[in-house]
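Here's the structure, in structure tokens; my notes come after.
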Amino acid sequence: MRKITGWLAAFGLAAALASGTAVQVYAAPAETEETAAVSAEETADSAETAEETVTAEETAEAAEDTEETEEAAQSAPAQAEEPKGPGVTEDIPIEGAEVSEETAEEQLRESVVDYALSFVGGRYVWGGTDPHTGADCSGFVRYILSNTAGVSMSRTSADQAREGTTVSAEEMQPGDLLFYGKGSRVNHVAMYIGDGQIVHASTSRTGIKVSQWNYRNPIRIASFLG
């Protein structure tokens, strides 16, 4: 098509020159349209390339955001497990709780003994229940245990000997009671204060005093504490 157009243009130009007619030259419209079409195609290709570039960049950014989100999600549980100060509550076993209970019992026994010893030198009164004014053996230990440890017990030594928890001489602790008598009949009670000694309301002549625990053989040893 281009060759035919070129021949016609050349033929027309030659005829015009031969006749002396002025010739006005126009650019071939077909080539202009073709050039415009090519330019449009190139522009479209450039636009598509640009769009593809933008899309690729957006895809890469989206992938990066996804990776960051996944990393954050994976690290979140680990961060949640870390303790964050005093607000965090957790069941923690308390070591030494048993030791604290034993210490509390020891302190109680010590208080009982100290209170009993504060009446050493006091009067023995048969049937008495208050060492401030005079007490017999059972009235004395009953008053001490009631006012220091809240222990409720019978009035006479014979009845008291049936109460409490039996312990051996090797197991007895300060504050435990020792019951004495003749045969199996209990007629006296004293309180162990440690170091092999007892405190008791002995007789009307000696009053409340300290003695060795085995000055007589006890029939029974009992704990009313712990």
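Note on naming: chains are A, B, ... as they come in the structure tokens, residues start from 1 per chain, ligands start from 1 in the order shown.
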
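For range 123-218 of chain A, the set of residues given alpha helix (DSSP H) by DSSP on the backbone reads Cys137, Ser138, Gly139, Phe140, Val141, Arg142, Tyr143, Ile144, Leu145, Ser146, Asn147, Thr148, Ala149, Ser157, Ala158, Asp159 and Gln160 of chain A.
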
Keeping only N, CA and C atoms, write those residues as a CSV table (one decimal), in the first residue's frame.
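Writing the result to again17.csv gives the following:
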```csv
chain,number,residue,atom,x,y,z
A,137,CYS,N,-3.2,-28.2,143.2
A,137,CYS,CA,-2.5,-28.6,142.0
A,137,CYS,C,-3.3,-28.5,140.7
A,138,SER,N,-4.5,-29.1,140.8
A,138,SER,CA,-5.4,-29.2,139.6
A,138,SER,C,-6.0,-27.8,139.2
A,139,GLY,N,-6.3,-27.0,140.3
A,139,GLY,CA,-6.8,-25.7,140.1
A,139,GLY,C,-5.7,-24.8,139.4
A,140,PHE,N,-4.5,-25.0,139.8
A,140,PHE,CA,-3.3,-24.2,139.2
A,140,PHE,C,-3.2,-24.5,137.7
A,141,VAL,N,-3.0,-25.8,137.3
A,141,VAL,CA,-2.8,-26.0,135.9
A,141,VAL,C,-4.0,-25.7,135.0
A,142,ARG,N,-5.2,-25.9,135.6
A,142,ARG,CA,-6.4,-25.5,134.9
A,142,ARG,C,-6.5,-24.0,134.6
A,143,TYR,N,-6.1,-23.2,135.6
A,143,TYR,CA,-6.1,-21.8,135.5
A,143,TYR,C,-5.1,-21.3,134.4
A,144,ILE,N,-3.9,-21.9,134.4
A,144,ILE,CA,-2.9,-21.5,133.5
A,144,ILE,C,-3.3,-21.8,132.1
A,145,LEU,N,-3.7,-23.1,131.8
A,145,LEU,CA,-4.0,-23.4,130.4
A,145,LEU,C,-5.3,-22.7,129.9
A,146,SER,N,-6.2,-22.4,130.8
A,146,SER,CA,-7.4,-21.7,130.3
A,146,SER,C,-7.1,-20.3,130.0
A,147,ASN,N,-6.3,-19.6,130.7
A,147,ASN,CA,-6.0,-18.2,130.5
A,147,ASN,C,-4.9,-17.9,129.5
A,148,THR,N,-4.2,-18.9,129.1
A,148,THR,CA,-3.1,-18.7,128.1
A,148,THR,C,-3.4,-19.3,126.7
A,149,ALA,N,-4.1,-20.5,126.8
A,149,ALA,CA,-4.3,-21.3,125.5
A,149,ALA,C,-5.8,-21.5,125.3
A,157,SER,N,-7.6,-33.5,139.4
A,157,SER,CA,-6.5,-34.1,138.8
A,157,SER,C,-6.9,-35.5,138.2
A,158,ALA,N,-7.7,-36.2,139.0
A,158,ALA,CA,-8.1,-37.6,138.6
A,158,ALA,C,-8.9,-37.5,137.3
A,159,ASP,N,-9.8,-36.5,137.1
A,159,ASP,CA,-10.6,-36.4,135.9
A,159,ASP,C,-9.7,-35.8,134.8
A,160,GLN,N,-8.8,-34.9,135.1
A,160,GLN,CA,-7.9,-34.3,134.1
A,160,GLN,C,-7.0,-35.4,133.5
```

| field | Long-range neighbours of range 192-198 of chain A as a PyMOL selection string, 6 Å cut-off, only C-alpha atoms, 6 positions minimum in chain | value | chain A and resi 113+174-176+210-213

Can you write just those residues out, C-alpha atoms, as a PDB file, in the first residue's frame?
```pdb
ATOM      1  CA  VAL A 113       5.328 -21.824 130.890  1.00  0.00           C
ATOM      2  CA  PRO A 174       6.931 -27.548 127.874  1.00  0.00           C
ATOM      3  CA  GLY A 175       3.295 -27.053 128.820  1.00  0.00           C
ATOM      4  CA  ASP A 176       2.461 -30.782 128.989  1.00  0.00           C
ATOM      5  CA  VAL A 210       9.737 -25.869 140.691  1.00  0.00           C
ATOM      6  CA  SER A 211      10.846 -29.518 141.041  1.00  0.00           C
ATOM      7  CA  GLN A 212      12.459 -32.280 138.986  1.00  0.00           C
ATOM      8  CA  TRP A 213       9.898 -34.015 136.761  1.00  0.00           C
TER       9      TRP A 213
END
```

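Computed from the coordinates, the CA of Gly128 in chain A to CA of Ala169 in chain A distance equals 28.6 Å.
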
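Here CA of Phe119 in chain A and CA of Gln173 in chain A stand 19.9 Å from one another.
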